[in-house]
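protein25.cif follows (mmCIF, C-alpha atoms and all ligand atoms):
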data_entry
#
loop_
_atom_site.label_atom_id
_atom_site.label_comp_id
_atom_site.auth_asym_id
_atom_site.auth_seq_id
_atom_site.Cartn_x
_atom_site.Cartn_y
_atom_site.Cartn_z
CA MET A 1025 4.99 18.24 32.17
CA GLU A 1026 3.75 19.44 28.72
CA PRO A 1027 0.35 17.82 27.94
CA GLU A 1028 1.53 17.06 24.41
CA TYR A 1029 4.60 15.28 25.74
CA LEU A 1030 2.46 13.33 28.16
CA TYR A 1031 0.10 12.32 25.35
CA ASN A 1032 3.01 11.14 23.28
CA ARG A 1033 4.49 9.14 26.12
CA LEU A 1034 1.14 7.56 26.84
CA THR A 1035 0.70 6.64 23.19
CA VAL A 1036 4.08 4.96 23.24
CA HIS A 1037 2.97 3.15 26.34
CA PHE A 1038 -0.24 2.20 24.54
CA LEU A 1039 1.65 0.75 21.59
CA GLU A 1040 3.97 -1.13 23.92
CA GLN A 1041 1.16 -2.46 26.05
CA LEU A 1042 -0.79 -3.47 22.97
CA GLN A 1043 1.83 -6.03 22.17
CA ASN A 1044 1.15 -7.67 25.51
CA GLN A 1045 -2.61 -7.17 25.17
CA LYS A 1046 -2.70 -5.45 28.59
CA ILE A 1047 -4.31 -2.04 28.12
CA SER A 1048 -4.82 -0.25 31.41
CA SER A 1049 -7.71 2.22 31.70
CA MET A 1050 -5.27 5.13 31.91
CA VAL A 1051 -3.61 4.11 28.66
CA ARG A 1052 -7.05 3.61 27.08
CA LYS A 1053 -7.83 7.30 27.74
CA SER A 1054 -4.52 8.40 26.29
CA ILE A 1055 -4.98 6.91 22.87
CA GLN A 1056 -7.21 9.69 21.51
CA PRO A 1057 -4.48 11.37 19.35
CA TYR A 1058 -3.47 7.99 17.94
CA LYS A 1059 -7.08 7.07 17.21
CA GLU A 1060 -7.63 10.45 15.53
CA LEU A 1061 -4.62 9.97 13.30
CA MET A 1062 -5.78 6.49 12.30
CA SER A 1063 -9.23 7.84 11.52
CA TYR A 1064 -7.69 10.52 9.24
CA TYR A 1065 -5.76 7.78 7.44
CA SER A 1066 -8.94 5.80 7.10
CA CYS A 1067 -10.66 8.84 5.49
CA ALA A 1068 -7.73 9.34 3.10
CA MET A 1069 -7.84 5.67 2.17
CA MET A 1070 -11.55 5.96 1.37
CA GLU A 1071 -10.88 9.03 -0.79
CA VAL A 1072 -8.25 7.21 -2.84
CA GLU A 1073 -10.40 4.10 -3.13
CA MET A 1074 -13.26 6.26 -4.41
CA LYS A 1075 -10.98 7.88 -6.99
CA PHE A 1076 -10.20 4.41 -8.39
CA LYS A 1077 -13.89 3.46 -8.33
CA VAL A 1078 -14.68 6.56 -10.37
CA LEU A 1079 -11.90 5.72 -12.84
CA SER A 1080 -13.16 2.16 -13.04
CA GLU A 1081 -16.68 3.38 -13.86
CA GLU A 1082 -15.48 5.80 -16.51
CA LEU A 1083 -12.93 3.51 -18.17
CA SER A 1084 -15.37 0.58 -18.20
CA MET A 1085 -17.78 2.76 -20.13
CA ARG A 1086 -15.10 3.97 -22.53
CA ASP A 1087 -13.39 0.66 -23.29
CA ASP A 1088 -16.21 -1.78 -22.66
CA ARG A 1089 -14.09 -3.59 -20.08
CA ASN A 1090 -12.99 -2.84 -16.55
CA PRO A 1091 -9.23 -2.36 -16.12
CA ILE A 1092 -9.65 -2.92 -12.36
CA GLU A 1093 -10.22 -6.48 -11.18
CA SER A 1094 -10.49 -5.52 -7.51
CA ILE A 1095 -9.51 -2.90 -4.95
CA ARG A 1096 -8.40 -3.71 -1.43
CA THR A 1097 -7.65 -1.31 1.39
CA ARG A 1098 -5.90 -1.79 4.69
CA LEU A 1099 -4.75 0.25 7.66
CA LYS A 1100 -1.45 -0.84 9.14
CA THR A 1101 -2.01 -2.57 12.48
CA PRO A 1102 -0.59 -1.04 15.70
CA GLN A 1103 1.76 -4.02 15.98
CA SER A 1104 3.05 -3.49 12.48
CA ILE A 1105 3.39 0.28 13.05
CA ARG A 1106 5.35 -0.32 16.21
CA GLU A 1107 7.58 -2.94 14.58
CA LYS A 1108 8.45 -0.64 11.66
CA MET A 1109 9.07 2.41 13.93
CA VAL A 1110 11.41 0.37 16.13
CA ARG A 1111 13.15 -1.25 13.11
CA LYS A 1112 13.78 2.15 11.51
CA GLY A 1113 14.81 3.74 14.83
CA TYR A 1114 12.09 6.42 14.88
CA PRO A 1115 10.71 7.74 18.16
CA LEU A 1116 7.40 6.14 19.09
CA THR A 1117 5.20 9.21 19.09
CA VAL A 1118 2.06 10.07 17.16
CA GLU A 1119 3.87 12.98 15.40
CA SER A 1120 6.75 10.75 14.43
CA ILE A 1121 4.41 8.04 13.10
CA GLU A 1122 2.71 10.62 10.85
CA GLU A 1123 6.00 12.12 9.73
CA ASN A 1124 7.94 8.95 9.07
CA LEU A 1125 5.56 6.20 8.00
CA HIS A 1126 4.04 6.66 4.58
CA ASP A 1127 2.27 3.33 4.29
CA ILE A 1128 -0.21 3.42 7.16
CA ALA A 1129 -3.08 3.77 4.72
CA GLY A 1130 -2.76 1.33 1.84
CA VAL A 1131 -4.84 0.91 -1.30
CA ARG A 1132 -4.08 -2.06 -3.52
CA VAL A 1133 -5.47 -2.01 -7.04
CA ILE A 1134 -5.46 -5.28 -8.95
CA CYS A 1135 -5.47 -4.68 -12.69
CA SER A 1136 -6.16 -6.87 -15.71
CA PHE A 1137 -3.10 -6.07 -17.82
CA PRO A 1138 0.29 -4.45 -17.10
CA SER A 1139 -0.55 -1.43 -19.28
CA ASP A 1140 -3.68 -0.81 -17.15
CA ILE A 1141 -1.39 -0.20 -14.19
CA TYR A 1142 0.28 2.73 -15.91
CA THR A 1143 -2.98 4.08 -17.35
CA LEU A 1144 -4.54 4.13 -13.88
CA ALA A 1145 -1.45 5.55 -12.17
CA GLU A 1146 -1.26 8.34 -14.71
CA ALA A 1147 -4.98 9.09 -14.37
CA LEU A 1148 -4.66 9.28 -10.59
CA LEU A 1149 -1.56 11.46 -10.62
CA LYS A 1150 -3.14 13.90 -13.11
CA GLN A 1151 -5.85 14.81 -10.60
CA ASP A 1152 -5.17 18.25 -9.19
CA ASP A 1153 -5.73 17.30 -5.54
CA VAL A 1154 -3.25 14.42 -5.74
CA ARG A 1155 0.45 15.05 -5.18
CA MET A 1156 3.00 12.32 -5.80
CA ILE A 1157 5.56 12.00 -3.03
CA GLU A 1158 7.35 8.87 -4.17
CA LYS A 1159 7.22 6.28 -6.94
CA LYS A 1160 8.83 2.86 -6.88
CA ASP A 1161 8.46 0.91 -10.07
CA TYR A 1162 9.06 -2.70 -9.11
CA ILE A 1163 7.66 -3.76 -12.51
CA LYS A 1164 10.33 -2.11 -14.61
CA HIS A 1165 12.83 -2.90 -11.83
CA PRO A 1166 11.64 -6.04 -9.98
CA LYS A 1167 13.05 -6.75 -6.53
CA ALA A 1168 15.79 -9.37 -6.40
CA ASN A 1169 13.28 -11.97 -5.18
CA GLY A 1170 10.98 -11.33 -8.17
CA TYR A 1171 8.45 -9.02 -6.48
CA ARG A 1172 6.62 -6.81 -8.98
CA SER A 1173 4.19 -3.94 -8.40
CA LEU A 1174 4.02 -0.21 -8.95
CA HIS A 1175 4.14 1.64 -5.63
CA LEU A 1176 3.07 5.25 -5.29
CA ILE A 1177 3.02 7.36 -2.17
CA VAL A 1178 0.51 10.13 -2.74
CA GLU A 1179 -0.69 13.00 -0.65
CA ILE A 1180 -4.37 13.97 -0.79
CA PRO A 1181 -6.54 16.36 1.19
CA ILE A 1182 -9.34 15.20 3.43
CA PHE A 1183 -12.04 17.70 4.31
CA LEU A 1184 -13.04 17.59 7.98
CA HIS A 1185 -15.88 19.61 9.53
CA ASP A 1186 -13.73 22.64 10.32
CA HIS A 1187 -10.44 22.15 8.52
CA LYS A 1188 -8.60 20.40 5.74
CA LYS A 1189 -5.82 17.93 6.40
CA THR A 1190 -3.35 16.44 3.96
CA MET A 1191 -2.62 12.74 4.36
CA LYS A 1192 -0.30 10.25 2.73
CA VAL A 1193 -1.55 7.01 1.20
CA GLU A 1194 0.44 4.16 -0.30
CA VAL A 1195 -1.03 2.86 -3.56
CA GLN A 1196 0.12 -0.50 -4.88
CA LEU A 1197 -0.89 -1.35 -8.44
CA ARG A 1198 -0.34 -4.84 -9.78
CA THR A 1199 -1.81 -7.41 -12.13
CA ILE A 1200 -3.63 -10.54 -10.99
CA SER A 1201 -0.50 -12.60 -11.56
CA MET A 1202 1.74 -10.16 -9.64
CA ASP A 1203 -0.78 -10.25 -6.81
CA TRP A 1204 -0.99 -14.02 -6.86
CA TRP A 1205 2.81 -14.25 -6.62
CA ALA A 1206 3.09 -11.63 -3.83
CA SER A 1207 0.34 -13.24 -1.84
CA LEU A 1208 1.85 -16.73 -2.00
CA GLU A 1209 5.41 -15.47 -1.53
CA GLN A 1210 4.21 -13.70 1.64
CA THR A 1211 2.75 -17.00 2.85
CA ILE A 1212 5.93 -18.87 2.02
CA ARG A 1213 8.71 -16.49 2.94
CA TYR A 1214 8.30 -12.67 3.03
CA LYS A 1215 9.48 -11.17 6.32
CA LYS A 1216 9.70 -14.62 7.86
CA ASP A 1217 12.88 -15.34 9.69
CA LEU A 1218 13.83 -18.32 7.53
CA PRO A 1219 17.34 -19.52 6.73
CA ASP A 1220 18.54 -18.55 3.24
CA SER A 1221 17.75 -21.18 0.66
CA ASP A 1222 19.06 -20.84 -2.87
CA PHE A 1223 16.51 -23.38 -4.04
CA ILE A 1224 13.49 -21.50 -2.65
CA GLU A 1225 14.89 -18.21 -3.89
CA LYS A 1226 15.40 -19.59 -7.38
CA GLU A 1227 11.97 -21.24 -7.48
CA LEU A 1228 10.18 -18.07 -6.35
CA ASN A 1229 12.11 -16.02 -8.86
CA GLU A 1230 11.24 -18.42 -11.65
CA CYS A 1231 7.55 -18.32 -10.70
CA ALA A 1232 7.69 -14.51 -10.79
CA GLU A 1233 9.25 -14.65 -14.27
CA MET A 1234 6.56 -17.06 -15.42
CA GLY A 1235 3.90 -14.71 -14.08
CA ALA A 1236 5.46 -11.79 -15.95
CA ALA A 1237 5.60 -13.85 -19.15
CA MET A 1238 1.93 -14.79 -18.78
CA ASP A 1239 1.00 -11.15 -18.25
CA ALA A 1240 2.83 -10.23 -21.45
CA ARG A 1241 1.14 -13.04 -23.42
CA MET A 1242 -2.32 -12.16 -22.12
CA GLU A 1243 -1.81 -8.51 -22.95
CA ARG A 1244 -0.68 -9.49 -26.43
CA LEU A 1245 -3.77 -11.68 -26.90
CA TYR A 1246 -5.96 -8.83 -25.74
CA GLY A 1247 -4.32 -6.55 -28.26
CA MET A 1248 -4.87 -9.09 -31.06
CA VAL A 1249 -8.50 -9.73 -30.26
CA TRP A 1250 -9.73 -6.27 -29.33
CA GLU A 1251 -7.54 -3.90 -31.19
CA GLY A 1252 -7.02 -5.95 -34.31
CA ASN A 1253 -3.29 -5.41 -33.95
CA ARG A 1254 -1.90 -8.79 -34.98
CA ASP A 1255 1.68 -7.58 -35.18
CA LEU A 1256 2.03 -6.96 -31.43
P1 LIG A 1301 1.67 -5.37 4.22
O1 LIG A 1301 1.18 -6.72 4.53
O2 LIG A 1301 1.34 -4.95 2.81
O3 LIG A 1301 1.29 -4.34 5.21
P2 LIG A 1301 9.62 -1.84 4.42
O4 LIG A 1301 8.17 -1.56 4.75
O5 LIG A 1301 10.58 -1.24 5.34
O6 LIG A 1301 9.85 -3.30 4.16
P3 LIG A 1301 9.46 0.15 2.35
O7 LIG A 1301 10.59 0.75 1.57
O8 LIG A 1301 8.71 1.02 3.29
O9 LIG A 1301 9.96 -1.18 3.05
O10 LIG A 1301 8.39 -0.39 1.36
P4 LIG A 1301 8.45 -1.17 -0.03
O11 LIG A 1301 9.51 -2.20 -0.11
O12 LIG A 1301 8.39 -0.17 -1.14
O13 LIG A 1301 7.06 -1.90 0.02
C1 LIG A 1301 6.56 -2.45 1.17
C2 LIG A 1301 5.24 -3.13 0.84
O14 LIG A 1301 5.26 -3.68 -0.48
C3 LIG A 1301 5.04 -4.30 1.77
O15 LIG A 1301 4.25 -3.82 2.84
C4 LIG A 1301 4.30 -5.32 0.90
O16 LIG A 1301 2.93 -5.01 0.81
C5 LIG A 1301 4.91 -5.06 -0.46
N1 LIG A 1301 6.16 -5.79 -0.69
C6 LIG A 1301 7.39 -5.25 -0.89
N2 LIG A 1301 8.29 -6.19 -1.13
C7 LIG A 1301 7.65 -7.37 -1.09
C8 LIG A 1301 8.09 -8.72 -1.28
O17 LIG A 1301 9.25 -9.02 -1.50
N3 LIG A 1301 7.13 -9.68 -1.16
C9 LIG A 1301 5.83 -9.40 -0.91
N4 LIG A 1301 4.97 -10.41 -0.80
N5 LIG A 1301 5.40 -8.13 -0.71
C10 LIG A 1301 6.29 -7.12 -0.81
P5 LIG A 1301 4.36 -4.46 4.29
O18 LIG A 1301 4.04 -3.39 5.24
O19 LIG A 1301 5.65 -5.17 4.45
O20 LIG A 1301 3.25 -5.55 4.30
#

Turn the structure described in the file into structure tokens.
Amino acid sequence: MEPEYLYNRLTVHFLEQLQNQKISSMVRKSIQPYKELMSYYSCAMMEVEMKFKVLSEELSMRDDRNPIESIRTRLKTPQSIREKMVRKGYPLTVESIEENLHDIAGVRVICSFPSDIYTLAEALLKQDDVRMIEKKDYIKHPKANGYRSLHLIVEIPIFLHDHKKTMKVEVQLRTISMDWWASLEQTIRYKKDLPDSDFIEKELNECAEMGAAMDARMERLYGMVWEGNRDL
């Protein structure tokens, strides 16, 4: 049997066993390729986070305010990786995880105003070691439930001791109010197997609209106060 094939099978076994929290010692030894991949994602995530920290430092200096309220990072859990691979019908191998899942490393950037989202996205995408793979603008085109954020899948290099590797990272940019909505909507309903409810759907959608309206008003106020543009 090919060692690579064996590794892959064992990783599958690892992911399956993980769900039951029964990891045999043999499976433990087999998880090296999976652990390596996760560590590369972790490095890529740190790189992207640092890029935003640098932008935050520079833009704070330039504009006398920080366009970034906070940055959060997360690596997808093995359970969540397994669930998505199975749901999408991809083979459960380390190679397939790397090829098919683009959101294992996630960086969420919470911005002050909607325009900051686009300023930051543009600044990131202009960098010559960043390549955009995909863009989903759920702000200009909110999801039916009201979800808003700008999603970017970017590819960036990470420099290891003897080689360079290119990794994908999902970047989600949103305002405080978009984040507040997404966070509470996740608590209430997102990906929960709940029966359809027109009432809940309508309420959540209305809250999302209110959030968007507040964002627009706050941005307008900011423009009036700081830029002296009273006709905004
Ligand atoms: P978490 O907790 O962030 O890890 P899929 O992953 O198959 O659902 P796709 O096309 O890969 O869909 O990704 P999509 O829809 O562009 O964005 C997925 C991520 O965006 C989710 O990641 C959430 O973080 C966020 N998201 C998208 N839609 C919603 C929504 O309706 N409500 C909330 N609260 N968040 C949303 P994960 O992995 O599902 O979750």

Worksheet item: When distances are computed from all atoms listed in the file, which of A:Ala1232, A:Met1062, A:Met1242, A:Val1118 shows the smallest separation from ligand LIG 1301 (chain A)?
Response: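 The answer is A:Ala1232, which sits nearest to ligand LIG 1301 (chain A).
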
Enumerate, in order of chain and increasing residue number, the residues of chain A with an atom no farther than 7 Å from ligand LIG 1301 (chain A), each with its shortest atom pair and distance in Å to one decimal, counting all atoms listed in the file, as a Markdown table.
| residue | atom | partner | partner_atom | distance |
| --- | --- | --- | --- | --- |
| A:Lys1100 | CA | A:LIG1301 | O3 | 5.9 |
| A:Lys1108 | CA | A:LIG1301 | O5 | 6.7 |
| A:Asp1127 | CA | A:LIG1301 | O8 | 6.9 |
| A:Lys1160 | CA | A:LIG1301 | O12 | 6.5 |
| A:Lys1167 | CA | A:LIG1301 | O17 | 6.7 |
| A:Asn1169 | CA | A:LIG1301 | O17 | 6.2 |
| A:Tyr1171 | CA | A:LIG1301 | O17 | 5.0 |
| A:His1175 | CA | A:LIG1301 | O12 | 6.4 |
| A:Ala1206 | CA | A:LIG1301 | N4 | 3.8 |
| A:Ser1207 | CA | A:LIG1301 | N4 | 5.5 |
| A:Glu1209 | CA | A:LIG1301 | N4 | 5.1 |
| A:Gln1210 | CA | A:LIG1301 | N4 | 4.2 |
| A:Tyr1214 | CA | A:LIG1301 | N3 | 5.3 |

Practice prompt. Please write as a PyMOL selection string the list of polymer residues whose atoms come within 6 Å of (-4.0, -5.6, -9.4), counting all atoms listed in the file and keeping to the coordinates of the file.
Written response: chain A and resi 1133-1135+1197-1200

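The space separating CA of Asp1088 (chain A) from CA of Ser1173 (chain A) comes to 25.0 Å.
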
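Of the listed residues A:Tyr1142, A:Gly1235, A:Leu1116, A:Arg1213, the one whose atoms come nearest to Arg1172 (chain A) is A:Gly1235, with distances taken using only C-alpha atoms.
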
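Between CA of Pro1138 (chain A) and CA of Val1249 (chain A) lies a distance of 16.7 Å.
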
Worksheet item: To one decimal place, how far is CA of His1126 (chain A) from CA of Met1156 (chain A) in Å?
Response: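 Spanning CA of His1126 (chain A) to CA of Met1156 (chain A) is a straight-line distance of 11.9 Å.
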
Worksheet item: Pick the closest to Leu1125 (chain A) from A:Met1238, A:Ile1177, A:Leu1184, A:Ala1068: which is it, counting only C-alpha atoms?
Response: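 Answer, going by the shortest atom-to-atom distance: A:Ile1177.
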
Practice prompt. Go through A:Gln1151, A:Ser1221, A:Ser1094, A:Ser1063 and flag the residue nearest Lys1189 (chain A), using all atoms listed in the file for the distances.
Written response: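 Looking only at the distances to Lys1189 (chain A), the closest residue turns out to be A:Ser1063.
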
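Minimum atom-to-atom distances from A:Gly1170, A:Gln1056, A:Leu1039, A:Ser1066 to Lys1226 (chain A) were compared using all atoms listed in the file, and the lowest value belongs to A:Gly1170.
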
Item to complete: Between A:Cys1231, A:Ala1147, A:Ile1157, A:Ile1105, single out the one closest to Glu1082 (chain A), counting all atoms listed in the file.
Response: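 Between A:Cys1231, A:Ala1147, A:Ile1157, A:Ile1105, the residue approaching Glu1082 (chain A) most closely is A:Ala1147.
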
Item to complete: Tell me which protein, DNA and RNA residues are within 12 Å of Glu1071 (chain A), counting only C-alpha atoms, leaving out same-chain ones fewer than 2 positions away, and put them as a PyMOL selection string.
Response: chain A and resi 1064-1069+1073-1078+1097+1129-1131+1148+1153-1154+1178-1183+1190-1193+1195

Worksheet entry | Non-local contacts of Ile1212 (chain A) (12 Å; only C-alpha atoms; under 4 positions in same chain excluded) as a VMD selection string | chain A and resid 1205 to 1208 1216 to 1218 1224 to 1225 1227 to 1228
